[in-house]
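Student: I am attaching a structure below and will ask some questions about it afterwards.
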Amino acid sequence: MSVTLRKKDLKTSGKYSLYLDIYQETGKRKFEFLKLYLLKKPRNEDQKSYNRENLRLAESIRAKRELLMNTTKNGFETVSKVRANFFDFAELICEQKKFSTFRDYKTTTAHFKTFVGAELLPIGSISPELIEDFRNYLATSGLKENTQFNYFAKLKTIFKEAVRKKLIPTDPCADVKNVKVNPIQKTFLTTDEIKRLSETACKNEHVKRAFLFACNTGLRFGDLQKLTGKDIVNNSLQFKQQKTHEVVYFPLNNNALKLIGTETKSDEQIFKLYKDIARCNVILRAWASDAGIEKYLTFHVARHSFATNLLVLGADISVVSKLFGHTSLKHTMIYAKIVNSLKSDAVNRLPDF
C-alpha cells in the first residue's frame with residue numbers, strides 16, 4: 001500500500017500536472033489529479049516560488065492521503081485509528097470540499113483547535129461532553145447565531161465522515177443538538193427596483209447583465225459563470241446545476257433572452273465574470289448606490305428576488321420550486337413566508353377608521 005507523488009507532462013502548456021499514484025493492498029491502483037501544476041522552465045524567482053509552493057502543498061496532500069489509508073486499513077477498529085490526530089483528518093476533509101465551503105470548514109477546525117488548546121487531539125478521545133462544551137464555547141464567542149449554527153454543522157459533518165471511514169465506531173456529535181437560530185430575513189429586490197437597476201449604468205456590463213439575468217431566472221453565481229451558448233435550446237435553459245447536480249429545464253422570458261443576445265457561440269461563456277464573487281458583489285453595491293437603492297446587494301439577492309417576485313405575482317409554489325431547481329419544497333417555503341409577511345405588512349398599513 002503506497003501513495004506516490006508523480007507528474008504528468010502537459011506538452012502544449014509548458015507545465016507538469018501533479019497527481020497521486022495510489023496503490024492499494026487489494027492490488028487496485030488509482031490516480032488522483034490534484035489540480036496543482038509545476039512550470040517546466042521557471043524563469044524568475046516568482047515562478048520558482050510558485051513551483052516550490054505547489055510541490056509543498058502536493059506533498060502535504062500525499063502524506064495525508066497515506067495517513068488516511070493507514071488509519072482505515074482493513075476496515076476495523078485499531079489502536080492506530082483512535083490515536084489518529086483529529087486535526088490531520090479534519091484538514092484532509094477540508095481539502096476535499098468545494099471552494100464555496102472550504103473556508104467554512106477551515107474556520108470551524110481553527111475554532112475547535114483554539115477551544116481545545118492543542119495541536120494534537122486523538123480522534124478516539126473525543127467525547128459527546130467535549131462536543132457539547134464546544135457548542136457552548138461558540139455561543140460565548142461573539143459570533144452571530146447563524147454563524148455558530150453553520151460552524152457546528154460543519155464539525156458534525158467531519159465526524160460523520162470519520163464514522164463512515166471507520167476511524168471511530170460512533171459519532172460523538174450524534175446526540176448533541178445544534179444551536180437554535182432565528183430565520184434569516186432574506187434581502188430581495190422588488191420589480192420596480194430591478195427596473196431601476198436596468199436603467200442605471202454599471203461599470204461592468206457583464207456583471208450587470210448577469211445579475212439582471214439571475215433576477216429573471218434565479219441562477220446561482222457558479223451557474224452563471226459556467227453558462228455557455230450550448231445551454232440555450234429553443235429559447236430555454238437546459239443545464240445541470242453546479243450545487244445540486246439537478247438538471248434544470250427553464251423557459252426564458254423576453255428579458256432573459258435580450259440579456260443573452262444572439263451572437264454567443266455554443267462553446268462561449270455568456271457572462272464573462274470574475275472568478276471571485278466578492279469582487280463582483282462590490283461592483284453590484286456601487287451600481288445599486290448609483291440607482292438610489294440602499295439594500296446590501298449580492299448575487300444571491302437576485303436569486304431571492306426571482307423566487308419572491310414570482311410568488312408575489314401569484315405563481316404556484318410547486319412551480320417555483322421546480323424552476324428554482326430545489327430538491328425539496330421545504331426550501332422554497334422560506335420564500336412563501338416572506339410573501340406572507342409582505343401581505344401582513346401591507347394590510348397593517350391601512351389607516352384606522
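Ligands are numbered from 1 in the order shown, chains are lettered A, B, ... in the order of the C-alpha cells, and residues start at 1 in each chain.
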What's around segment 50-53 of chain A at 8 Å? Count only C-alpha atoms, leave out sequence neighbours fewer than 3 positions away in its own chain, and write the answer as a list in words.

Tutor: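 Final neighbour list, sorted by chain and number: Tyr37, Leu38, Leu39, Pro42, Asp46, Gln47, Arg56 and Leu57 of chain A.
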
Student: Enumerate as JSON, numbers by chain all residues of segment 27-256 of chain A assigned to alpha helix (DSSP H) by DSSP on the backbone, naming them with the chain letters and numbers the document uses.

Tutor: {"A": [45, 46, 47, 48, 49, 50, 51, 52, 53, 54, 55, 56, 57, 58, 59, 60, 61, 62, 63, 64, 65, 66, 67, 68, 69, 70, 71, 79, 80, 81, 82, 86, 87, 88, 89, 90, 91, 92, 93, 94, 95, 96, 99, 100, 101, 102, 103, 104, 105, 106, 107, 108, 109, 110, 111, 112, 113, 114, 115, 116, 128, 129, 130, 131, 132, 133, 134, 135, 136, 137, 138, 139, 145, 146, 147, 148, 149, 150, 151, 152, 153, 154, 155, 156, 157, 158, 159, 160, 161, 162, 163, 164, 191, 192, 193, 194, 195, 196, 197, 198, 205, 206, 207, 208, 209, 210, 211, 212, 213, 214, 215, 216, 217, 221, 222, 223, 224, 225, 226, 254, 255, 256]}

Student: Please report, as a PyMOL selection string, each residue of segment 147-292 of chain A to which DSSP assigns strand (DSSP E or B) when run on this structure's backbone.

Tutor: chain A and resi 228+232-233+236-240+247-251+269

Student: Neighbouring residues of segment 84-93 of chain A were defined as those with any atom within 7 Å, considering only C-alpha atoms; residues of the same chain fewer than 4 positions away were excluded. Please report them as a PyMOL selection string.

Tutor: chain A and resi 64+80+97+109+120-123+158

Student: Within 10 Å of His300 of chain A, counting only C-alpha atoms, which residues show up once you throw out same-chain ones fewer than 6 positions away? Write them as number ranges by chain, please.

Tutor: A: 186-188, 211, 214-215, 218-221, 281, 306

Student: Restricting the calculation to only C-alpha atoms, which member of A:Thr170, A:Thr228, A:Asn216, A:Ser289 is positioned closest to Leu259 of chain A?

Tutor: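 Smallest distance to Leu259 of chain A is found for A:Asn216.
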
Student: Near Arg103 of chain A, counting only C-alpha atoms, which residues have an atom at most 12 Å away, once you skip same-chain residues fewer than 3 positions from it, shown as JSON, numbers by chain?

Tutor: {"A": [91, 93, 94, 95, 96, 97, 98, 99, 100, 106, 107, 108, 109, 110, 150, 151, 154]}

Student: Write a file of the selected residues as a short mmCIF file (atom, residue, chain, number, x, y, z; two decimals), in the first residue's frame, keeping N, CA, C and O atoms.

Tutor:
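Once written, part22.cif looks like this:
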```
data_model
loop_
_atom_site.label_atom_id
_atom_site.label_comp_id
_atom_site.auth_asym_id
_atom_site.auth_seq_id
_atom_site.Cartn_x
_atom_site.Cartn_y
_atom_site.Cartn_z
N GLU A 91 -8.32 18.42 8.37
CA GLU A 91 -7.69 19.17 7.26
C GLU A 91 -7.85 18.42 5.95
O GLU A 91 -8.06 19.02 4.90
N ILE A 93 -10.37 16.47 5.19
CA ILE A 93 -11.77 16.67 4.79
C ILE A 93 -11.95 18.05 4.18
O ILE A 93 -12.63 18.22 3.17
N CYS A 94 -11.30 19.06 4.77
CA CYS A 94 -11.39 20.43 4.25
C CYS A 94 -10.94 20.49 2.79
O CYS A 94 -11.57 21.13 1.95
N GLU A 95 -9.84 19.82 2.50
CA GLU A 95 -9.25 19.88 1.16
C GLU A 95 -10.14 19.20 0.11
O GLU A 95 -10.02 19.47 -1.08
N GLN A 96 -11.03 18.33 0.56
CA GLN A 96 -11.92 17.64 -0.37
C GLN A 96 -13.18 18.44 -0.67
O GLN A 96 -13.95 18.07 -1.55
N LYS A 97 -13.38 19.53 0.06
CA LYS A 97 -14.59 20.31 -0.11
C LYS A 97 -14.45 21.31 -1.26
O LYS A 97 -13.35 21.72 -1.63
N LYS A 98 -15.59 21.72 -1.79
CA LYS A 98 -15.60 22.70 -2.86
C LYS A 98 -15.15 24.05 -2.33
O LYS A 98 -15.21 24.33 -1.14
N PHE A 99 -14.71 24.90 -3.26
CA PHE A 99 -14.21 26.22 -2.88
C PHE A 99 -15.25 27.00 -2.08
O PHE A 99 -14.91 27.73 -1.15
N SER A 100 -16.53 26.84 -2.42
CA SER A 100 -17.59 27.62 -1.77
C SER A 100 -17.74 27.30 -0.29
O SER A 100 -18.22 28.12 0.48
N LYS A 106 -12.43 25.17 7.16
CA LYS A 106 -11.14 25.57 7.73
C LYS A 106 -11.34 26.40 8.99
O LYS A 106 -10.65 26.21 10.00
N THR A 107 -12.29 27.34 8.95
CA THR A 107 -12.54 28.20 10.10
C THR A 107 -13.11 27.41 11.27
O THR A 107 -12.76 27.64 12.43
N THR A 108 -13.99 26.46 10.96
CA THR A 108 -14.55 25.59 12.00
C THR A 108 -13.44 24.83 12.71
O THR A 108 -13.39 24.77 13.95
N THR A 109 -12.54 24.24 11.93
CA THR A 109 -11.42 23.48 12.50
C THR A 109 -10.54 24.39 13.35
O THR A 109 -10.07 23.99 14.43
N ALA A 110 -10.31 25.62 12.89
CA ALA A 110 -9.48 26.57 13.64
C ALA A 110 -10.14 26.92 14.98
O ALA A 110 -9.46 26.99 16.02
N ASN A 150 -23.75 27.30 11.55
CA ASN A 150 -23.01 26.84 10.37
C ASN A 150 -21.73 26.10 10.76
O ASN A 150 -21.44 25.02 10.25
N TYR A 151 -20.95 26.68 11.67
CA TYR A 151 -19.68 26.06 12.09
C TYR A 151 -19.92 24.73 12.79
O TYR A 151 -19.21 23.75 12.55
N LYS A 154 -20.74 22.08 10.35
CA LYS A 154 -19.55 21.61 9.63
C LYS A 154 -18.78 20.60 10.48
O LYS A 154 -18.27 19.59 9.97
#
```

Student: With only C-alpha atoms as the atoms that count, which of A:Val3, A:Leu138, A:Val233, A:Ile277 lies nearest to Arg29 of chain A?

Tutor: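 The closest residue to Arg29 of chain A is A:Val3.
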